[in-house]
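Asker: Structure file coords00.cif, mmCIF, C-alpha atoms, is pasted below:
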data_protein
loop_
_atom_site.label_atom_id
_atom_site.label_comp_id
_atom_site.auth_asym_id
_atom_site.auth_seq_id
_atom_site.Cartn_x
_atom_site.Cartn_y
_atom_site.Cartn_z
CA MET A 265 9.67 9.68 2.65
CA LYS A 266 9.24 6.22 4.20
CA GLN A 267 12.31 4.09 4.79
CA ILE A 268 11.83 0.31 4.58
CA LEU A 269 14.19 -2.56 5.37
CA VAL A 270 13.67 -5.60 3.11
CA ILE A 271 14.88 -9.06 4.17
CA ASN A 272 15.05 -12.15 1.95
CA PRO A 273 16.74 -15.22 3.50
CA GLY A 274 18.03 -17.96 1.19
CA SER A 275 19.76 -21.25 1.90
CA THR A 276 23.32 -19.83 1.97
CA SER A 277 22.69 -16.07 1.91
CA THR A 278 20.49 -13.36 3.38
CA LYS A 279 19.66 -10.59 0.93
CA ILE A 280 18.75 -7.23 2.41
CA ALA A 281 17.92 -3.86 0.91
CA TRP A 282 17.14 -0.37 2.18
CA TYR A 283 14.37 1.46 0.32
CA CYS A 284 13.26 5.08 0.47
CA ASP A 285 9.68 4.80 -0.74
CA GLU A 286 10.03 2.84 -4.01
CA GLU A 287 13.65 3.80 -4.62
CA LYS A 288 16.34 1.35 -3.57
CA LYS A 289 19.11 3.15 -1.68
CA TRP A 290 21.35 0.07 -1.44
CA ASP A 291 21.24 -3.68 -1.28
CA GLU A 292 23.61 -6.40 -0.17
CA SER A 293 23.74 -10.18 -0.18
CA ILE A 294 25.20 -11.50 3.07
CA GLU A 295 26.86 -14.80 2.16
CA HIS A 296 26.90 -17.66 4.67
CA ASP A 297 29.54 -20.38 4.71
CA PRO A 298 27.74 -23.62 3.69
CA ALA A 299 29.86 -25.58 6.17
CA LYS A 300 28.80 -23.21 8.96
CA ILE A 301 25.14 -23.47 7.95
CA LYS A 302 25.32 -27.27 8.21
CA GLU A 303 26.28 -26.91 11.88
CA TYR A 304 22.73 -25.75 12.63
CA ALA A 305 20.32 -28.64 13.10
CA LYS A 306 17.23 -26.58 12.21
CA ILE A 307 16.48 -23.46 10.21
CA TYR A 308 15.38 -21.53 13.30
CA ASP A 309 18.67 -22.29 15.03
CA GLN A 310 20.15 -19.75 12.57
CA LEU A 311 17.92 -16.91 13.83
CA GLU A 312 20.34 -15.10 16.11
CA MET A 313 23.25 -15.49 13.68
CA ARG A 314 21.31 -14.11 10.71
CA THR A 315 19.69 -11.33 12.73
CA GLN A 316 23.04 -10.10 14.02
CA LEU A 317 24.54 -10.13 10.52
CA VAL A 318 21.60 -8.12 9.18
CA MET A 319 21.95 -5.57 11.98
CA ASP A 320 25.72 -5.30 11.50
CA THR A 321 25.31 -4.79 7.75
CA VAL A 322 22.70 -2.07 8.17
CA LYS A 323 24.94 -0.23 10.64
CA ALA A 324 27.92 -0.61 8.28
CA HIS A 325 25.90 1.28 5.66
CA GLY A 326 25.41 4.11 8.14
CA GLU A 327 21.66 3.62 8.56
CA LYS A 328 19.72 4.06 11.78
CA PHE A 329 16.98 1.57 12.63
CA GLU A 330 15.08 4.42 14.30
CA ASP A 331 14.55 5.95 10.84
CA LEU A 332 12.57 2.94 9.64
CA ALA A 333 8.86 3.18 8.85
CA GLY A 334 8.61 -0.61 8.64
CA VAL A 335 10.33 -3.92 7.94
CA VAL A 336 9.20 -6.52 5.39
CA SER A 337 10.44 -10.04 4.83
CA ARG A 338 9.95 -12.64 2.16
CA GLY A 339 7.20 -14.89 3.44
CA GLY A 340 8.05 -18.41 4.54
CA LEU A 341 6.07 -21.52 3.63
CA LEU A 342 3.15 -20.53 5.82
CA PRO A 343 0.23 -22.94 6.35
CA PRO A 344 -3.32 -21.70 6.97
CA ALA A 345 -3.87 -20.61 10.56
CA LYS A 346 -6.95 -22.84 10.80
CA GLU A 347 -8.16 -25.88 8.88
CA GLY A 348 -10.26 -24.90 5.88
CA GLU A 349 -8.85 -21.36 5.66
CA MET A 350 -6.68 -19.97 2.85
CA VAL A 351 -3.36 -18.20 2.87
CA CYS A 352 -4.39 -15.09 0.93
CA SER A 353 -2.31 -12.79 -1.24
CA GLY A 354 -1.05 -9.46 0.03
CA ALA A 355 0.46 -8.45 3.35
CA TYR A 356 0.34 -10.26 6.68
CA GLU A 357 1.45 -8.49 9.82
CA ILE A 358 4.07 -10.59 11.57
CA ASN A 359 3.03 -11.74 15.02
CA PRO A 360 4.24 -14.39 17.52
CA LEU A 361 1.72 -16.96 16.23
CA MET A 362 3.14 -16.70 12.70
CA ILE A 363 6.69 -17.07 14.00
CA GLU A 364 5.79 -20.09 16.12
CA THR A 365 3.92 -21.68 13.20
CA LEU A 366 6.83 -21.29 10.79
CA LYS A 367 9.18 -22.59 13.46
CA THR A 368 7.20 -25.71 14.39
CA ARG A 369 4.90 -26.64 11.47
CA PRO A 370 5.80 -24.96 8.17
CA VAL A 371 4.55 -26.50 4.92
CA LEU A 372 8.21 -27.26 4.14
CA GLU A 373 11.53 -26.43 5.76
CA HIS A 374 13.07 -23.44 3.97
CA ALA A 375 15.40 -20.62 4.92
CA SER A 376 12.69 -18.05 4.21
CA ASN A 377 10.74 -19.40 7.20
CA VAL A 378 13.11 -17.58 9.56
CA GLY A 379 12.70 -14.22 7.77
CA CYS A 380 9.63 -13.17 9.71
CA ALA A 381 11.42 -13.70 13.03
CA ILE A 382 14.39 -11.58 11.90
CA ALA A 383 12.04 -8.81 10.79
CA TYR A 384 10.04 -9.04 14.04
CA GLN A 385 13.11 -8.69 16.27
CA ILE A 386 14.34 -5.63 14.41
CA ALA A 387 10.91 -3.99 14.16
CA GLN A 388 10.17 -4.59 17.84
CA SER A 389 13.47 -2.96 18.84
CA VAL A 390 12.38 0.37 17.30
CA GLY A 391 8.60 0.12 17.66
CA VAL A 392 7.53 -0.18 14.00
CA LYS A 393 5.34 -2.67 12.12
CA CYS A 394 6.64 -5.59 10.10
CA TRP A 395 5.08 -7.83 7.47
CA ILE A 396 5.54 -10.69 5.08
CA TYR A 397 4.15 -10.30 1.57
CA ASP A 398 2.78 -12.79 -0.99
CA PRO A 399 4.40 -15.93 0.41
CA VAL A 400 4.98 -18.98 -1.80
CA THR A 401 2.04 -20.75 -0.14
CA VAL A 402 -0.63 -18.20 -1.15
CA ASP A 403 -3.58 -20.41 -2.10
CA GLU A 404 -6.73 -18.64 -3.28
CA LEU A 405 -7.89 -21.28 -5.76
CA ILE A 406 -11.63 -21.54 -6.22
CA GLU A 407 -13.14 -24.91 -5.38
CA ILE A 408 -13.62 -26.17 -8.95
CA SER A 409 -9.90 -25.62 -9.60
CA ARG A 410 -8.98 -27.96 -6.75
CA VAL A 411 -10.80 -31.09 -7.92
CA THR A 412 -8.72 -33.94 -9.40
CA GLY A 413 -9.54 -37.44 -10.65
CA LEU A 414 -8.73 -38.94 -7.24
CA LYS A 415 -11.00 -37.94 -4.38
CA ASP A 416 -8.22 -37.87 -1.79
CA ILE A 417 -5.87 -35.68 -3.88
CA ARG A 418 -6.68 -32.00 -4.31
CA ARG A 419 -4.85 -29.34 -6.28
CA HIS A 420 -3.37 -26.42 -4.40
CA GLY A 421 -2.02 -23.03 -5.35
CA GLN A 422 1.70 -22.83 -4.76
CA GLY A 423 4.10 -20.94 -6.99
CA HIS A 424 6.12 -17.79 -7.57
CA ASN A 425 3.34 -15.61 -6.16
CA LEU A 426 5.49 -12.68 -5.07
CA ASN A 427 6.92 -11.91 -8.50
CA MET A 428 3.81 -12.90 -10.47
CA ARG A 429 1.50 -10.67 -8.48
CA ALA A 430 4.03 -7.82 -8.49
CA ALA A 431 4.21 -8.03 -12.29
CA ALA A 432 0.41 -7.94 -12.55
CA LEU A 433 0.19 -4.95 -10.22
CA ARG A 434 2.97 -3.16 -12.10
CA LEU A 435 1.21 -3.58 -15.45
CA CYS A 436 -1.98 -2.19 -13.96
CA ARG A 437 -0.23 0.73 -12.27
CA GLU A 438 1.66 1.73 -15.42
CA ASN A 439 -1.46 1.61 -17.59
CA GLY A 440 -4.08 2.95 -15.19
CA TYR A 441 -5.89 -0.40 -14.94
CA ASP A 442 -7.78 -1.60 -11.87
CA TYR A 443 -6.20 -4.91 -10.81
CA TYR A 444 -9.39 -5.77 -8.95
CA LYS A 445 -11.48 -5.55 -12.13
CA ARG A 446 -9.32 -7.51 -14.60
CA ASN A 447 -8.58 -11.07 -15.66
CA MET A 448 -4.82 -11.54 -16.03
CA ILE A 449 -2.61 -14.55 -16.68
CA VAL A 450 0.97 -14.25 -15.43
CA ALA A 451 3.76 -16.72 -16.26
CA HIS A 452 6.90 -16.78 -14.12
CA LEU A 453 9.79 -18.13 -16.18
CA GLY A 454 12.70 -19.13 -13.96
CA GLY A 455 14.43 -22.26 -12.65
CA GLY A 456 10.86 -23.38 -12.14
CA VAL A 457 7.91 -22.22 -14.23
CA THR A 458 4.47 -21.44 -12.80
CA GLU A 459 1.46 -19.66 -14.30
CA SER A 460 -1.38 -18.00 -12.40
CA LEU A 461 -4.82 -16.67 -13.26
CA HIS A 462 -5.73 -13.43 -11.47
CA SER A 463 -9.44 -12.62 -11.59
CA ASN A 464 -10.75 -9.50 -9.88
CA GLY A 465 -7.83 -9.43 -7.46
CA ARG A 466 -7.80 -13.14 -6.57
CA ILE A 467 -5.51 -15.89 -7.87
CA ILE A 468 -8.30 -18.33 -8.73
CA ASP A 469 -6.28 -20.91 -10.66
CA MET A 470 -2.66 -21.88 -11.16
CA VAL A 471 -0.45 -24.25 -13.09
CA SER A 472 2.31 -25.23 -10.65
CA ASP A 473 5.77 -26.42 -11.59
CA ASP A 474 4.69 -30.06 -11.29
CA ASP A 475 1.68 -29.97 -13.62
CA GLY A 476 2.72 -27.72 -16.48
CA ALA A 477 5.73 -26.83 -18.62
CA PHE A 478 9.13 -28.31 -17.88
CA SER A 479 11.76 -25.71 -17.04
CA PRO A 480 15.53 -25.40 -16.59
CA GLU A 481 15.39 -27.63 -13.48
CA ARG A 482 11.87 -29.07 -13.17
CA ALA A 483 10.50 -32.01 -15.14
CA GLY A 484 7.04 -30.45 -15.19
CA GLU A 485 4.02 -32.53 -16.12
CA ILE A 486 4.96 -36.14 -16.97
CA PRO A 487 2.44 -38.75 -18.25
CA THR A 488 1.41 -40.47 -15.01
CA TYR A 489 1.54 -44.07 -16.23
CA LEU A 490 5.02 -43.64 -17.73
CA LEU A 491 6.31 -41.97 -14.56
CA LEU A 492 4.95 -44.79 -12.39
CA LYS A 493 6.61 -47.38 -14.62
CA LYS A 494 9.94 -45.55 -14.27
CA VAL A 495 9.63 -45.43 -10.47
CA PHE A 496 8.81 -49.14 -10.12
CA ASN A 497 11.14 -50.43 -12.84
CA GLU A 498 14.12 -48.54 -11.39
CA GLY A 499 13.16 -49.04 -7.73
CA LEU A 500 13.34 -45.32 -6.98
CA ASP A 501 12.56 -44.07 -3.47
CA LEU A 502 10.64 -40.84 -2.81
CA ALA A 503 13.72 -38.69 -2.15
CA THR A 504 15.41 -39.84 -5.36
CA ILE A 505 12.43 -39.31 -7.65
CA MET A 506 11.66 -35.92 -6.08
CA LYS A 507 15.24 -34.80 -6.72
CA THR A 508 14.93 -36.03 -10.31
CA LEU A 509 11.68 -34.13 -10.86
CA GLN A 510 12.66 -30.92 -9.01
CA ARG A 511 16.39 -30.48 -9.62
CA ASN A 512 17.47 -32.81 -12.44
CA GLY A 513 14.57 -32.41 -14.84
CA GLY A 514 13.96 -30.11 -17.80
CA LEU A 515 17.02 -28.61 -19.48
CA GLN A 516 19.24 -30.16 -16.81
CA SER A 517 18.03 -33.62 -17.86
CA TYR A 518 18.80 -33.04 -21.55
CA PHE A 519 21.97 -30.95 -21.49
CA GLY A 520 23.47 -31.15 -17.99
CA THR A 521 22.88 -27.44 -17.39
CA SER A 522 20.02 -25.45 -15.92
CA ASP A 523 21.21 -22.22 -17.58
CA SER A 524 18.74 -21.43 -20.34
CA ARG A 525 21.22 -18.97 -21.84
CA VAL A 526 23.67 -21.82 -22.48
CA VAL A 527 20.96 -23.87 -24.20
CA GLU A 528 19.85 -20.89 -26.31
CA LYS A 529 23.46 -20.39 -27.41
CA MET A 530 23.69 -24.08 -28.31
CA MET A 531 20.56 -23.60 -30.42
CA ASN A 532 22.00 -20.51 -32.12
CA ASP A 533 25.18 -22.46 -32.86
CA GLY A 534 23.14 -25.01 -34.81
CA ASN A 535 22.38 -27.69 -32.21
CA GLU A 536 19.07 -29.11 -33.46
CA GLU A 537 18.24 -30.98 -30.24
CA ALA A 538 18.73 -27.78 -28.25
CA LYS A 539 16.30 -25.94 -30.53
CA LEU A 540 13.72 -28.74 -30.30
CA VAL A 541 13.82 -28.92 -26.49
CA TYR A 542 13.96 -25.13 -26.01
CA ASP A 543 10.98 -24.66 -28.34
CA ALA A 544 9.13 -27.47 -26.55
CA MET A 545 9.65 -25.68 -23.22
CA ALA A 546 8.13 -22.52 -24.70
CA LEU A 547 5.23 -24.54 -26.12
CA GLY A 548 4.61 -25.96 -22.65
CA VAL A 549 4.32 -22.46 -21.20
CA ALA A 550 1.88 -21.47 -23.96
CA ARG A 551 -0.20 -24.60 -23.28
CA SER A 552 -0.46 -23.72 -19.60
CA ILE A 553 -1.55 -20.16 -20.41
CA ALA A 554 -4.23 -21.47 -22.74
CA LYS A 555 -5.36 -23.95 -20.09
CA LEU A 556 -5.89 -21.14 -17.59
CA ALA A 557 -7.78 -19.00 -20.09
CA VAL A 558 -10.72 -21.42 -20.23
CA ALA A 559 -11.39 -20.94 -16.50
CA VAL A 560 -12.73 -17.46 -17.34
CA ASN A 561 -14.28 -18.51 -20.66
CA GLY A 562 -11.44 -16.96 -22.59
CA LYS A 563 -12.19 -13.48 -21.24
CA VAL A 564 -8.57 -12.56 -20.49
CA ASP A 565 -7.51 -8.91 -20.46
CA ASP A 566 -3.72 -9.34 -20.20
CA ILE A 567 -0.98 -11.95 -20.39
CA VAL A 568 2.29 -11.13 -18.60
CA LEU A 569 5.62 -12.95 -18.97
CA THR A 570 8.09 -12.38 -16.14
CA GLY A 571 11.05 -14.05 -14.42
CA GLY A 572 14.68 -14.46 -15.44
CA ILE A 573 14.08 -16.30 -18.75
CA ALA A 574 11.77 -13.46 -19.83
CA HIS A 575 14.99 -11.58 -20.69
CA SER A 576 15.22 -13.87 -23.74
CA LYS A 577 13.48 -12.18 -26.68
CA TYR A 578 13.50 -15.45 -28.61
CA PHE A 579 11.82 -17.46 -25.84
CA THR A 580 9.15 -14.86 -25.04
CA GLN A 581 8.42 -14.40 -28.74
CA GLN A 582 7.83 -18.15 -29.10
CA ILE A 583 5.22 -17.93 -26.35
CA SER A 584 3.68 -14.66 -27.55
CA ASP A 585 3.19 -16.00 -31.08
CA ARG A 586 1.13 -18.88 -29.67
CA VAL A 587 -1.03 -17.05 -27.11
CA SER A 588 -1.53 -13.50 -28.41
CA PHE A 589 -4.87 -14.60 -29.88
CA ILE A 590 -6.08 -14.88 -26.26
CA ALA A 591 -4.99 -11.43 -25.02
CA PRO A 592 -2.19 -8.86 -25.44
CA VAL A 593 1.17 -10.07 -24.13
CA THR A 594 3.47 -7.88 -22.01
CA VAL A 595 7.01 -8.91 -21.09
CA LEU A 596 8.30 -7.69 -17.70
CA PRO A 597 11.56 -9.60 -17.20
CA GLY A 598 13.35 -10.27 -13.94
CA GLU A 599 12.55 -11.79 -10.55
CA ASN A 600 12.27 -8.42 -8.73
CA GLU A 601 11.63 -9.98 -5.31
CA MET A 602 13.18 -7.20 -3.23
CA GLN A 603 11.33 -4.44 -5.04
CA ALA A 604 8.07 -6.38 -4.85
CA LEU A 605 8.45 -6.71 -1.08
CA ALA A 606 9.26 -3.01 -0.67
CA GLN A 607 6.30 -1.96 -2.81
CA GLY A 608 3.97 -4.23 -0.84
CA ALA A 609 5.10 -2.72 2.45
CA LEU A 610 4.75 0.79 1.03
CA ARG A 611 1.15 0.10 -0.03
CA VAL A 612 0.37 -0.86 3.57
CA LEU A 613 2.17 2.19 4.98
CA ASN A 614 0.32 4.49 2.56
CA GLY A 615 -3.06 3.02 3.47
CA GLU A 616 -3.63 1.57 -0.01
CA GLU A 617 -3.80 -1.93 1.43
CA THR A 618 -4.69 -3.35 4.84
CA ALA A 619 -2.42 -6.06 6.24
CA ARG A 620 -4.10 -9.25 7.39
CA ILE A 621 -3.55 -10.57 10.90
CA TYR A 622 -2.44 -14.20 10.92
CA GLY A 623 -4.77 -16.31 13.06
#
Would you write the structure of this file as structure tokens?

Answerer:
Amino acid sequence: MKQILVINPGSTSTKIAWYCDEEKKWDESIEHDPAKIKEYAKIYDQLEMRTQLVMDTVKAHGEKFEDLAGVVSRGGLLPPAKEGEMVCSGAYEINPLMIETLKTRPVLEHASNVGCAIAYQIAQSVGVKCWIYDPVTVDELIEISRVTGLKDIRRHGQGHNLNMRAAALRLCRENGYDYYKRNMIVAHLGGGVTESLHSNGRIIDMVSDDDGAFSPERAGEIPTYLLLKKVFNEGLDLATIMKTLQRNGGLQSYFGTSDSRVVEKMMNDGNEEAKLVYDAMALGVARSIAKLAVAVNGKVDDIVLTGGIAHSKYFTQQISDRVSFIAPVTVLPGENEMQALAQGALRVLNGEETARIYG
């Protein structure tokens, strides 16, 4: 039995879990005082504080670090090691270059960037390996998927890769399919919505949260000319419009809440606007799935719906009714980040997958 420590840093918490093979023994969310967090000028200034809290929590559960077979962390916003390279899906062994890169030149500042350094310190102390797995910045798009109508703007693959790929792998494992010989479309339905096309083990195309369906928080794809008119007419700066598109769009824009369950209840209570907007959000997801299908000439083996909103039978049924003509639809609800990380590490430990070396 292989024991694995899973680490998932967020803005005001650090989630950790202790797994024995695929079985979770325990988990805990270490909450951080927002006022205390603001005292740190940079994300990496929190390293020692978060590492010590993780170590104290593990010891409080009576675990011994010496029993670990490995440590895995949620991947930060990792850029390619070299220009022209990709950040590929799967496991990356954590090394000093990765830590330095996420400290000094991440794609974006995010709490998850410090996760690899926490994992590295703990793993080094007991002489075991450590990894990140399916970071947000996985980008395996094929070249034709990158081209846009402006030469100096290229599409990139950035989305909920960890949960989407875990859902695809789970469907294959449970049905005896070979992930590396199938075409699968996976939609992550959460605060943001992203859809990905997995073809023979590679995520060759994606609809990110800025060019597809709107979601509880994101505005999604907006007609370009109308968006530009709004920006110039209202004199909006970059920070303001980005906040509008990323945090105050979608359901939040219409109803002042990003909780899809509240909007679904409004719909069930007879609110016609809630039904219209909620159905339109589902239609947007279906559109994105259909858009991805043409990249493989419609030869799609499976469609998977995952994420928190996938718990809604009504919402997933709205999508399934529109896309089941493309391929069978399977619903695997939940975000499942901790389990996905543990399973990824276990595949490496069992020799089913070889971890890449960053740089």

Asker: Using the chain letters and numbers from this file, what does the PyMOL selection byres ((chain A and resi 317) around 12) select? Give the answer as a PyMOL selection string.

Answerer: chain A and resi 271+273+277-280+292-296+310-316+318-324+382+386

Asker: Report the residues retrieved by the PyMOL selection byres ((chain A and resi 267) around 10) from the displayed file, expressed as a list in words.

Answerer: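 Applied to this file, the PyMOL selection byres ((chain A and resi 267) around 10) selects Met265, Lys266, Ile268, Leu269, Val270, Trp282, Tyr283, Cys284, Asp285, Glu286, Glu287, Lys288, Lys289, Phe329, Glu330, Asp331, Leu332, Ala333, Gly334, Val335, Ala606 and Leu610 of chain A.
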
Asker: Assuming the chain letters and numbering stay as they are in my file, what does the PyMOL selection byres ((chain A and resi 619-623) around 7) actually select? List them as a short mmCIF file (atom, residue, chain, number, x, y, z; two decimals) with C-alpha atoms, in the coordinates of the input.

Answerer:
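Listing of part.cif after writing:
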data_model
loop_
_atom_site.label_atom_id
_atom_site.label_comp_id
_atom_site.auth_asym_id
_atom_site.auth_seq_id
_atom_site.Cartn_x
_atom_site.Cartn_y
_atom_site.Cartn_z
CA ALA A 345 -3.87 -20.61 10.56
CA ALA A 355 0.46 -8.45 3.35
CA TYR A 356 0.34 -10.26 6.68
CA GLU A 357 1.45 -8.49 9.82
CA MET A 362 3.14 -16.70 12.70
CA VAL A 612 0.37 -0.86 3.57
CA GLU A 617 -3.80 -1.93 1.43
CA THR A 618 -4.69 -3.35 4.84
#

Asker: Which residues, written as a ChimeraX atom specification, have at least one atom at most 8 Å from Pro480 (chain A), with all atoms listed in the file counted and residues fewer than 6 positions away on the same chain left out?

Answerer: /A:454-456,513-516,521-524

Asker: Determine, counting all atoms listed in the file, which protein, DNA and RNA residues have an atom within 12 Å of an atom of Asn359 (chain A); residues of the same chain fewer than 5 positions away are not included. Present the result as a ChimeraX atom specification.

Answerer: /A:364-366,380-385,387-388,393-396,619-623

Asker: Can you work out which one of A:Val495, A:Gly534, A:Leu569, A:Val390 has the shortest atom-to-atom distance to Val457 (chain A), counting all atoms listed in the file?

Answerer: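 The answer is A:Leu569, which sits nearest to Val457 (chain A).
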